[in-house]
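Below you'll find the structure, written out as structure tokens, and then a few comments.
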Amino acid sequence: MAKSTQLIDNEVFRAFATYTTIVLLKMMLMSLITAYFRITRKAFVNPEDTESFGKGESAKKFLRTDPDVERVRRGHLNDLENIVPFVGIGLLYALSGPELSTALLHFRIFTGARIFHTFAYLIPLPQPGRGLSWAVGYSVTFSMAYKVLKTAWLL
Amino acid sequence: MAKSTQLIDNEVFRAFATYTTIVLLKMMLMSLITAYFRITRKAFVNPEDTESFGKGESAKKFLRTDPDVERVRRGHLNDLENIVPFVGIGLLYALSGPELSTALLHFRIFTGARIFHTFAYLIPLPQPGRGLSWAVGYSVTFSMAYKVLKTAWLL
Amino acid sequence: MAKSTQLIDNEVFRAFATYTTIVLLKMMLMSLITAYFRITRKAFVNPEDTESFGKGESAKKFLRTDPDVERVRRGHLNDLENIVPFVGIGLLYALSGPELSTALLHFRIFTGARIFHTFAYLIPLPQPGRGLSWAVGYSVTFSMAYKVLKTAWLL
């Protein structure tokens, strides 16, 4: 069993594990927020989801889009588009032997930027708040990608 | 070459590799089901995809949305939203040194729940079938996240 | 710190790291292309994004969908659907001890296919150009999945 804990004993990898888990849990939270708005706004997309609100025609009026639901869904998709590269490139970065302090800087800024991005999207805050937080997270992933390519390059 | 097979020699990691591959192949299957419904329902979104069905105006009528196509696409997006966290957190979980039996329990329940979720979405089964299978998979990922944070925590 | 660089010292893993980073950067590029088309076509989805173009009713006309924007977004989602399985299964494949030449063949074909797919989607090229490049990438991931399951199988 020793082998399985080798990576998790490495401090950079532990930091990666912590921040990746936090940011993936944050992304999963978007599903719950979507469900919350679908139920409170009574705005569903699947006919079978409206059956508890009545039968036949009376249930059909709940098959509609709602601005708040759509906003959360856009935030969720934006998370997928940005957190997937962070997790993939971040894993390779954590294995490329960075200094702990440099790695922590990357992970902390990305995680902070994505949490801010979610608030900026859902409240919503005026631009360029959301745009800037997106760009900060994007730049962190780009910086890690540069380190990975510099260390591992084998084409 | 020995190094590259260290992880794959670990039983928990082998179980993770098996179930992750199964669940990702299941997700990839959604692309084929979408293509099947697009072709049989003649419902496309890109003009260049309809050219084999005729030219000009006669092809335009195939640029439309179809309820069956949209249903598969929603199932596919739901897979992305749930399987991405499973793969990311599950990898860290597999490296955090869990008991093989506990790990197998997590991987099996998640995989079973997502396969059931796909059937529940596509048939479709009456609610709360789909909702419950979604919640079961979500809870498994949450439980693995807890173990990762307890083992690796370094903020 | 030695441990953290073990994996990255392995040639197959270095190749995986290189191609995964390239293909994830390519996916991230779709965000910039979407932003470019949203700004040049003046087609936005969030009211707060149109405020720099005027206030009140005059800004509302920019809340619309545009065919070019939607095309890039479909390409981005197709990337997510196909690159996520590649990264997940490819990581397990790289750890399953394949020959370097075989692994390079897989990674190169997948990366080439997805870059071609993006051009085929955005130009757009006539079918079956896009369809074939999608199928090639899909097949590569499937071939890696077969190797992973053959090596790691533990159900």
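Ordering of the structure tokens sets the chain letters (A, B, ...), residue numbers begin anew at 1 in every chain, and ligands are numbered from 1 in the order given.
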Closest pair table for chain A residues within 8 Å of chain C, only C-alpha atoms, as a Markdown table:
| residue | atom | partner | partner_atom | distance |
| --- | --- | --- | --- | --- |
| A:Gln6 | CA | C:Lys3 | CA | 7.4 |
| A:Leu7 | CA | C:Ser4 | CA | 7.0 |
| A:Asn10 | CA | C:Ser4 | CA | 6.7 |
| A:Phe13 | CA | C:Ser4 | CA | 7.7 |
| A:Glu81 | CA | C:Leu80 | CA | 7.2 |
| A:Asn82 | CA | C:Met28 | CA | 7.4 |
| A:Val84 | CA | C:Val84 | CA | 7.5 |
| A:Pro85 | CA | C:Leu24 | CA | 5.8 |
| A:Gly88 | CA | C:Val87 | CA | 7.1 |
| A:Ile89 | CA | C:Thr21 | CA | 6.1 |
| A:Leu92 | CA | C:Ala17 | CA | 6.2 |
| A:Ala94 | CA | C:Ser4 | CA | 7.4 |
| A:Leu95 | CA | C:Ser4 | CA | 5.1 |
| A:Ser96 | CA | C:Thr5 | CA | 5.7 |
| A:Gly97 | CA | C:Thr5 | CA | 5.6 |
| A:Pro124 | CA | C:Glu48 | CA | 7.7 |
| A:Leu125 | CA | C:Glu48 | CA | 7.9 |
| A:Pro126 | CA | C:Glu48 | CA | 5.8 |
| A:Gln127 | CA | C:Glu48 | CA | 6.3 |
| A:Phe142 | CA | C:Leu25 | CA | 7.7 |
| A:Ala145 | CA | C:Thr21 | CA | 6.2 |
| A:Val148 | CA | C:Ala17 | CA | 7.1 |
| A:Leu149 | CA | C:Thr18 | CA | 5.9 |
| A:Ala152 | CA | C:Arg14 | CA | 4.8 |
| A:Trp153 | CA | C:Thr18 | CA | 5.5 |
| A:Leu154 | CA | C:Ala15 | CA | 5.0 |
| A:Leu155 | CA | C:Ala15 | CA | 6.2 |
**Request:** Going by DSSP on the backbone, which bits of chain A are alpha helix (DSSP H)? Write them as a PyMOL selection string, please.
**Result:** chain A and resi 6-9+11-40+57-60+67-94+100-122+129-152
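Pairwise distance (CA of Phe37 (chain B), CA of Thr141 (chain C)) equals 22.8 Å.
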**Message:** I'd like the interatomic distance between CA of Ala59 (chain A) and CA of Arg64 (chain B), to a tenth of an Å.
**Reply:**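 It comes out at 24.9 Å.
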**Which residue of B:Lys42, B:Lys147, B:Arg74, B:Lys26 approaches Tyr93 (chain B) most closely, using only C-alpha atoms** = B:Lys147
